[in-house]
$ cat structure-v8.pdb   # PDB, C-alpha atoms
ATOM      1  CA  MET C   1      36.941 -10.929  92.498  1.00  0.00           C
ATOM      2  CA  ILE C   2      40.146  -9.128  91.635  1.00  0.00           C
ATOM      3  CA  HIS C   3      43.287 -11.206  91.208  1.00  0.00           C
ATOM      4  CA  VAL C   4      46.735  -9.614  91.180  1.00  0.00           C
ATOM      5  CA  VAL C   5      49.245 -11.808  89.383  1.00  0.00           C
ATOM      6  CA  LEU C   6      52.979 -11.254  89.772  1.00  0.00           C
ATOM      7  CA  TYR C   7      54.943 -12.891  86.976  1.00  0.00           C
ATOM      8  CA  GLU C   8      58.288 -13.984  88.442  1.00  0.00           C
ATOM      9  CA  PRO C   9      58.673 -11.130  90.988  1.00  0.00           C
ATOM     10  CA  GLU C  10      62.240 -10.363  92.056  1.00  0.00           C
ATOM     11  CA  ILE C  11      62.135  -7.823  94.905  1.00  0.00           C
ATOM     12  CA  PRO C  12      60.684  -8.938  98.242  1.00  0.00           C
ATOM     13  CA  GLY C  13      59.759  -5.424  99.374  1.00  0.00           C
ATOM     14  CA  ASN C  14      57.569  -4.905  96.316  1.00  0.00           C
ATOM     15  CA  THR C  15      55.806  -8.215  96.843  1.00  0.00           C
ATOM     16  CA  GLY C  16      55.310  -7.377 100.526  1.00  0.00           C
ATOM     17  CA  ASN C  17      53.702  -4.058  99.611  1.00  0.00           C
ATOM     18  CA  ILE C  18      51.458  -5.833  97.103  1.00  0.00           C
ATOM     19  CA  ILE C  19      50.447  -8.360  99.775  1.00  0.00           C
ATOM     20  CA  ARG C  20      49.318  -5.404 101.878  1.00  0.00           C
ATOM     21  CA  THR C  21      47.350  -3.916  98.958  1.00  0.00           C
ATOM     22  CA  CYS C  22      45.710  -7.257  98.182  1.00  0.00           C
ATOM     23  CA  MET C  23      44.720  -7.856 101.790  1.00  0.00           C
ATOM     24  CA  ALA C  24      43.283  -4.332 102.123  1.00  0.00           C
ATOM     25  CA  THR C  25      41.246  -4.705  98.932  1.00  0.00           C
ATOM     26  CA  ASN C  26      40.195  -8.330  99.400  1.00  0.00           C
ATOM     27  CA  SER C  27      42.101  -9.288  96.246  1.00  0.00           C
ATOM     28  CA  VAL C  28      43.765 -12.629  95.615  1.00  0.00           C
ATOM     29  CA  LEU C  29      47.525 -12.575  95.019  1.00  0.00           C
ATOM     30  CA  HIS C  30      49.110 -15.068  92.621  1.00  0.00           C
ATOM     31  CA  LEU C  31      52.887 -15.509  92.553  1.00  0.00           C
ATOM     32  CA  ILE C  32      54.339 -17.200  89.490  1.00  0.00           C
ATOM     33  CA  GLU C  33      57.674 -18.893  90.070  1.00  0.00           C
ATOM     34  CA  PRO C  34      60.568 -18.597  89.955  1.00  0.00           C
ATOM     35  CA  LEU C  35      60.589 -15.972  92.693  1.00  0.00           C
ATOM     36  CA  GLY C  36      63.662 -13.825  93.241  1.00  0.00           C
ATOM     37  CA  PHE C  37      63.394 -14.308  97.015  1.00  0.00           C
ATOM     38  CA  SER C  38      62.179 -16.635  99.724  1.00  0.00           C
ATOM     39  CA  LEU C  39      58.650 -16.134 101.044  1.00  0.00           C
ATOM     40  CA  ASP C  40      60.015 -16.007 104.574  1.00  0.00           C
ATOM     41  CA  GLU C  41      62.515 -13.274 103.720  1.00  0.00           C
ATOM     42  CA  LYS C  42      62.669 -10.471 106.290  1.00  0.00           C
ATOM     43  CA  HIS C  43      62.095  -7.662 103.731  1.00  0.00           C
ATOM     44  CA  LEU C  44      58.934  -9.360 102.494  1.00  0.00           C
ATOM     45  CA  ARG C  45      57.618  -9.718 106.047  1.00  0.00           C
ATOM     46  CA  ARG C  46      58.441  -6.105 106.920  1.00  0.00           C
ATOM     47  CA  ALA C  47      56.698  -4.666 103.847  1.00  0.00           C
ATOM     48  CA  GLY C  48      53.713  -7.007 104.150  1.00  0.00           C
ATOM     49  CA  MET C  49      53.579  -6.421 107.904  1.00  0.00           C
ATOM     50  CA  ASP C  50      51.136  -8.822 109.484  1.00  0.00           C
ATOM     51  CA  TYR C  51      48.831  -8.803 106.462  1.00  0.00           C
ATOM     52  CA  ALA C  52      50.205 -11.942 104.795  1.00  0.00           C
ATOM     53  CA  LYS C  53      48.286 -14.203 107.170  1.00  0.00           C
ATOM     54  CA  ASP C  54      45.016 -12.568 106.046  1.00  0.00           C
ATOM     55  CA  CYS C  55      45.839 -12.457 102.336  1.00  0.00           C
ATOM     56  CA  ASP C  56      44.849 -15.198  99.901  1.00  0.00           C
ATOM     57  CA  ILE C  57      48.222 -15.987  98.293  1.00  0.00           C
ATOM     58  CA  ARG C  58      48.507 -18.686  95.639  1.00  0.00           C
ATOM     59  CA  ILE C  59      51.792 -19.892  94.202  1.00  0.00           C
ATOM     60  CA  HIS C  60      52.194 -21.370  90.720  1.00  0.00           C
ATOM     61  CA  LYS C  61      55.220 -23.255  89.372  1.00  0.00           C
ATOM     62  CA  ASN C  62      55.190 -21.371  86.051  1.00  0.00           C
ATOM     63  CA  TRP C  63      52.996 -19.395  83.643  1.00  0.00           C
ATOM     64  CA  ASP C  64      51.400 -22.493  82.106  1.00  0.00           C
ATOM     65  CA  ALA C  65      50.445 -23.859  85.535  1.00  0.00           C
ATOM     66  CA  PHE C  66      48.857 -20.500  86.410  1.00  0.00           C
ATOM     67  CA  VAL C  67      46.813 -20.400  83.185  1.00  0.00           C
ATOM     68  CA  GLN C  68      45.690 -23.989  83.632  1.00  0.00           C
ATOM     69  CA  ALA C  69      44.553 -23.317  87.226  1.00  0.00           C
ATOM     70  CA  ASN C  70      42.914 -19.964  86.362  1.00  0.00           C
ATOM     71  CA  PRO C  71      41.171 -20.077  83.008  1.00  0.00           C
ATOM     72  CA  ALA C  72      39.684 -16.674  82.293  1.00  0.00           C
ATOM     73  CA  LYS C  73      38.131 -14.907  79.344  1.00  0.00           C
ATOM     74  CA  HIS C  74      40.488 -11.937  79.770  1.00  0.00           C
ATOM     75  CA  TYR C  75      43.719 -11.271  81.529  1.00  0.00           C
ATOM     76  CA  TYR C  76      44.814  -7.637  81.795  1.00  0.00           C
ATOM     77  CA  TYR C  77      48.528  -6.980  81.490  1.00  0.00           C
ATOM     78  CA  MET C  78      50.406  -4.003  82.929  1.00  0.00           C
ATOM     79  CA  THR C  79      53.307  -3.335  80.580  1.00  0.00           C
ATOM     80  CA  ARG C  80      55.350  -0.498  79.182  1.00  0.00           C
ATOM     81  CA  TYR C  81      54.249  -1.785  75.757  1.00  0.00           C
ATOM     82  CA  GLY C  82      50.539  -1.247  76.427  1.00  0.00           C
ATOM     83  CA  LYS C  83      48.758   1.344  74.316  1.00  0.00           C
ATOM     84  CA  LYS C  84      45.838   2.143  76.637  1.00  0.00           C
ATOM     85  CA  ALA C  85      45.615   3.537  80.155  1.00  0.00           C
ATOM     86  CA  PRO C  86      43.794   1.384  82.746  1.00  0.00           C
ATOM     87  CA  SER C  87      40.955   3.921  82.735  1.00  0.00           C
ATOM     88  CA  GLN C  88      40.294   3.108  79.058  1.00  0.00           C
ATOM     89  CA  PHE C  89      39.139  -0.394  79.975  1.00  0.00           C
ATOM     90  CA  ASP C  90      35.570  -0.896  81.187  1.00  0.00           C
ATOM     91  CA  PHE C  91      35.912  -3.378  84.029  1.00  0.00           C
ATOM     92  CA  THR C  92      32.188  -3.116  84.812  1.00  0.00           C
ATOM     93  CA  LYS C  93      31.536  -5.276  81.750  1.00  0.00           C
ATOM     94  CA  GLU C  94      33.557  -8.203  83.100  1.00  0.00           C
ATOM     95  CA  THR C  95      31.307 -11.093  84.070  1.00  0.00           C
ATOM     96  CA  GLY C  96      33.955 -13.171  85.834  1.00  0.00           C
ATOM     97  CA  ASP C  97      37.032 -12.636  87.897  1.00  0.00           C
ATOM     98  CA  ILE C  98      39.427  -9.873  86.850  1.00  0.00           C
ATOM     99  CA  TYR C  99      43.102 -10.827  86.544  1.00  0.00           C
ATOM    100  CA  LEU C 100      45.668  -8.018  86.629  1.00  0.00           C
ATOM    101  CA  ILE C 101      49.090  -9.293  85.594  1.00  0.00           C
ATOM    102  CA  LEU C 102      52.334  -7.471  86.368  1.00  0.00           C
ATOM    103  CA  GLY C 103      55.807  -8.544  85.329  1.00  0.00           C
ATOM    104  CA  LYS C 104      59.102  -8.940  87.085  1.00  0.00           C
ATOM    105  CA  GLU C 105      60.939  -5.767  87.983  1.00  0.00           C
ATOM    106  CA  SER C 106      63.886  -6.241  85.600  1.00  0.00           C
ATOM    107  CA  THR C 107      62.202  -7.281  82.356  1.00  0.00           C
ATOM    108  CA  GLY C 108      58.433  -7.289  82.825  1.00  0.00           C
ATOM    109  CA  ILE C 109      56.133  -9.942  81.402  1.00  0.00           C
ATOM    110  CA  ASP C 110      57.571 -12.271  78.782  1.00  0.00           C
ATOM    111  CA  ARG C 111      56.971 -10.638  75.389  1.00  0.00           C
ATOM    112  CA  ARG C 112      55.822 -13.979  73.919  1.00  0.00           C
ATOM    113  CA  ILE C 113      52.867 -13.816  76.322  1.00  0.00           C
ATOM    114  CA  LEU C 114      52.111 -10.149  75.610  1.00  0.00           C
ATOM    115  CA  LYS C 115      52.265 -10.557  71.832  1.00  0.00           C
ATOM    116  CA  HIS C 116      49.024 -12.563  71.785  1.00  0.00           C
ATOM    117  CA  HIS C 117      47.137 -10.258  74.169  1.00  0.00           C
ATOM    118  CA  GLN C 118      47.885  -6.752  72.963  1.00  0.00           C
ATOM    119  CA  ASP C 119      44.224  -5.753  73.199  1.00  0.00           C
ATOM    120  CA  THR C 120      44.321  -6.181  76.990  1.00  0.00           C
ATOM    121  CA  CYS C 121      47.735  -4.612  77.611  1.00  0.00           C
ATOM    122  CA  MET C 122      47.730  -1.357  79.570  1.00  0.00           C
ATOM    123  CA  ARG C 123      50.314   1.257  80.395  1.00  0.00           C
ATOM    124  CA  LEU C 124      50.242   3.945  83.036  1.00  0.00           C
ATOM    125  CA  PRO C 125      50.664   7.327  81.334  1.00  0.00           C
ATOM    126  CA  MET C 126      53.856   9.125  82.331  1.00  0.00           C
ATOM    127  CA  VAL C 127      56.448  11.488  80.883  1.00  0.00           C
ATOM    128  CA  ALA C 128      58.410  10.122  77.946  1.00  0.00           C
ATOM    129  CA  GLN C 129      61.678  10.048  79.904  1.00  0.00           C
ATOM    130  CA  ALA C 130      60.257   7.662  82.533  1.00  0.00           C
ATOM    131  CA  ARG C 131      60.704   3.997  81.725  1.00  0.00           C
ATOM    132  CA  SER C 132      58.384   2.717  84.440  1.00  0.00           C
ATOM    133  CA  LEU C 133      57.007   3.149  87.944  1.00  0.00           C
ATOM    134  CA  ASN C 134      57.661   0.937  90.955  1.00  0.00           C
ATOM    135  CA  LEU C 135      55.890  -2.433  90.687  1.00  0.00           C
ATOM    136  CA  SER C 136      53.965  -2.110  93.942  1.00  0.00           C
ATOM    137  CA  ASN C 137      52.781   1.384  92.973  1.00  0.00           C
ATOM    138  CA  CYS C 138      51.562   0.061  89.616  1.00  0.00           C
ATOM    139  CA  ALA C 139      49.691  -2.755  91.329  1.00  0.00           C
ATOM    140  CA  ALA C 140      47.965  -0.358  93.727  1.00  0.00           C
ATOM    141  CA  ILE C 141      47.021   2.031  90.926  1.00  0.00           C
ATOM    142  CA  ILE C 142      45.394  -0.597  88.724  1.00  0.00           C
ATOM    143  CA  VAL C 143      43.661  -2.399  91.588  1.00  0.00           C
ATOM    144  CA  TYR C 144      42.108   0.871  92.712  1.00  0.00           C
ATOM    145  CA  GLU C 145      41.118   1.797  89.154  1.00  0.00           C
ATOM    146  CA  VAL C 146      39.177  -1.455  88.910  1.00  0.00           C
ATOM    147  CA  LEU C 147      37.662  -0.876  92.345  1.00  0.00           C
ATOM    148  CA  ARG C 148      36.743   2.730  91.454  1.00  0.00           C
ATOM    149  CA  GLN C 149      34.899   1.538  88.373  1.00  0.00           C
ATOM    150  CA  LEU C 150      33.084  -1.120  90.416  1.00  0.00           C
ATOM    151  CA  ASN C 151      32.278   1.391  93.220  1.00  0.00           C
ATOM    152  CA  TYR C 152      34.513  -0.292  95.824  1.00  0.00           C
ATOM    153  CA  PRO C 153      32.427  -3.424  96.443  1.00  0.00           C
ATOM    154  CA  GLY C 154      32.695  -4.777  99.968  1.00  0.00           C
ATOM    155  CA  LEU C 155      35.177  -2.112 101.096  1.00  0.00           C
ATOM    156  CA  SER C 156      34.680   0.372 103.912  1.00  0.00           C
ATOM    157  CA  THR C 157      34.756   4.029 102.921  1.00  0.00           C
ATOM    158  CA  THR C 158      34.957   5.231 106.529  1.00  0.00           C
ATOM    159  CA  GLU C 159      37.572   4.946 109.288  1.00  0.00           C
ATOM    160  CA  VAL C 160      36.696   1.826 111.233  1.00  0.00           C
ATOM    161  CA  LEU C 161      39.430   1.551 113.882  1.00  0.00           C
ATOM    162  CA  LYS C 162      39.183   5.037 115.411  1.00  0.00           C
ATOM    163  CA  GLY C 163      35.659   5.782 114.303  1.00  0.00           C
ATOM    164  CA  GLU C 164      34.060   7.653 111.444  1.00  0.00           C
ATOM    165  CA  ASP C 165      33.895  10.906 113.453  1.00  0.00           C
ATOM    166  CA  PHE C 166      37.399  10.742 114.964  1.00  0.00           C
ATOM    167  CA  LEU C 167      38.451  14.160 113.640  1.00  0.00           C
ATOM    168  CA  ASP C 168      35.367  15.756 115.170  1.00  0.00           C
ATOM    169  CA  THR C 169      36.466  14.618 118.643  1.00  0.00           C
ATOM    170  CA  ILE C 170      39.733  16.594 118.591  1.00  0.00           C
ATOM    171  CA  PRO C 171      39.477  19.719 120.789  1.00  0.00           C
ATOM    172  CA  GLU C 172      39.929  23.075 119.065  1.00  0.00           C
TER
END
$ encode --input "structure-v8.pdb" --output "structure tokens"
Amino acid sequence: MIHVVLYEPEIPGNTGNIIRTCMATNSVLHLIEPLGFSLDEKHLRRAGMDYAKDCDIRIHKNWDAFVQANPAKHYYYMTRYGKKAPSQFDFTKETGDIYLILGKESTGIDRRILKHHQDTCMRLPMVAQARSLNLSNCAAIIVYEVLRQLNYPGLSTTEVLKGEDFLDTIPE
């Protein structure tokens, strides 16, 4: 199981987009308080559309409460201070759940947490002038990297709503 962990997220639209990604990929979403918004905020609902009701969302009072409730051998941290790309990690070797942790939009993950886990910190490669990418884009990229490595377990690779052969039904 993939778990996306948002450490003190601040922007409701980003969290809404991540809810949508988690629902579509059957991933669990963890929100570590304090949150920079209310969970019933209109921007969160708009970005998450109607997916929130089908997404497994778990809320934790703080980092320590999250760790206590979710002991894991490895957590993977998305940070500008990471020295490896997500593709340099072999997620197929994980025997338990995979936790992908992303920080708040303004300052990221607390550096005191990162300092002790530098071997599992990752950074998305980008031009030197770019400080970072949007949080919800980063979440989608790393979730799909893990899924790619695991060969998309349990996910449909064909169009289900309109049918696999929908494009073939369009007249010339």
$ closest_atom_pairs --input "structure-v8.pdb" --of "range 20-104 of chain C" --to "range 150-165 of chain C" --cutoff "9 Å" --atoms "all atoms listed in the file" --output "Markdown table"
| residue | atom | partner | partner_atom | distance |
| --- | --- | --- | --- | --- |
| C:Ala24 | CA | C:Leu155 | CA | 8.5 |
| C:Thr25 | CA | C:Leu155 | CA | 6.9 |
| C:Asn26 | CA | C:Leu155 | CA | 8.2 |
| C:Phe91 | CA | C:Leu150 | CA | 7.3 |
| C:Thr92 | CA | C:Leu150 | CA | 6.0 |
$ resolve_selection --input "structure-v8.pdb" --expression "the PyMOL selection byres ((chain C and resi 140) around 12)" --output "count of residues only"
34
$ resolve_selection --input "structure-v8.pdb" --expression "the PyMOL selection byres ((chain C and resi 109) around 12)" --output "PyMOL selection string"
chain C and resi 5-9+32+63+76-82+100-108+110-115+117+121+135
$ atom_distance --input "structure-v8.pdb" --atom1 "CA of Asp97 in chain C" --atom2 "CA of Val67 in chain C"
13.3 Å
$ atom_distance --input "structure-v8.pdb" --atom1 "CA of Ile57 in chain C" --atom2 "CA of Glu33 in chain C"
12.9 Å
$ atom_distance --input "structure-v8.pdb" --atom1 "CA of Ile98 in chain C" --atom2 "CA of Met122 in chain C"
13.9 Å
$ resolve_selection --input "structure-v8.pdb" --expression "the PyMOL selection byres ((chain C and resi 60) around 8)" --output "MDAnalysis selection string"
chainID C and resid 30:33 58:59 61:63 65:66
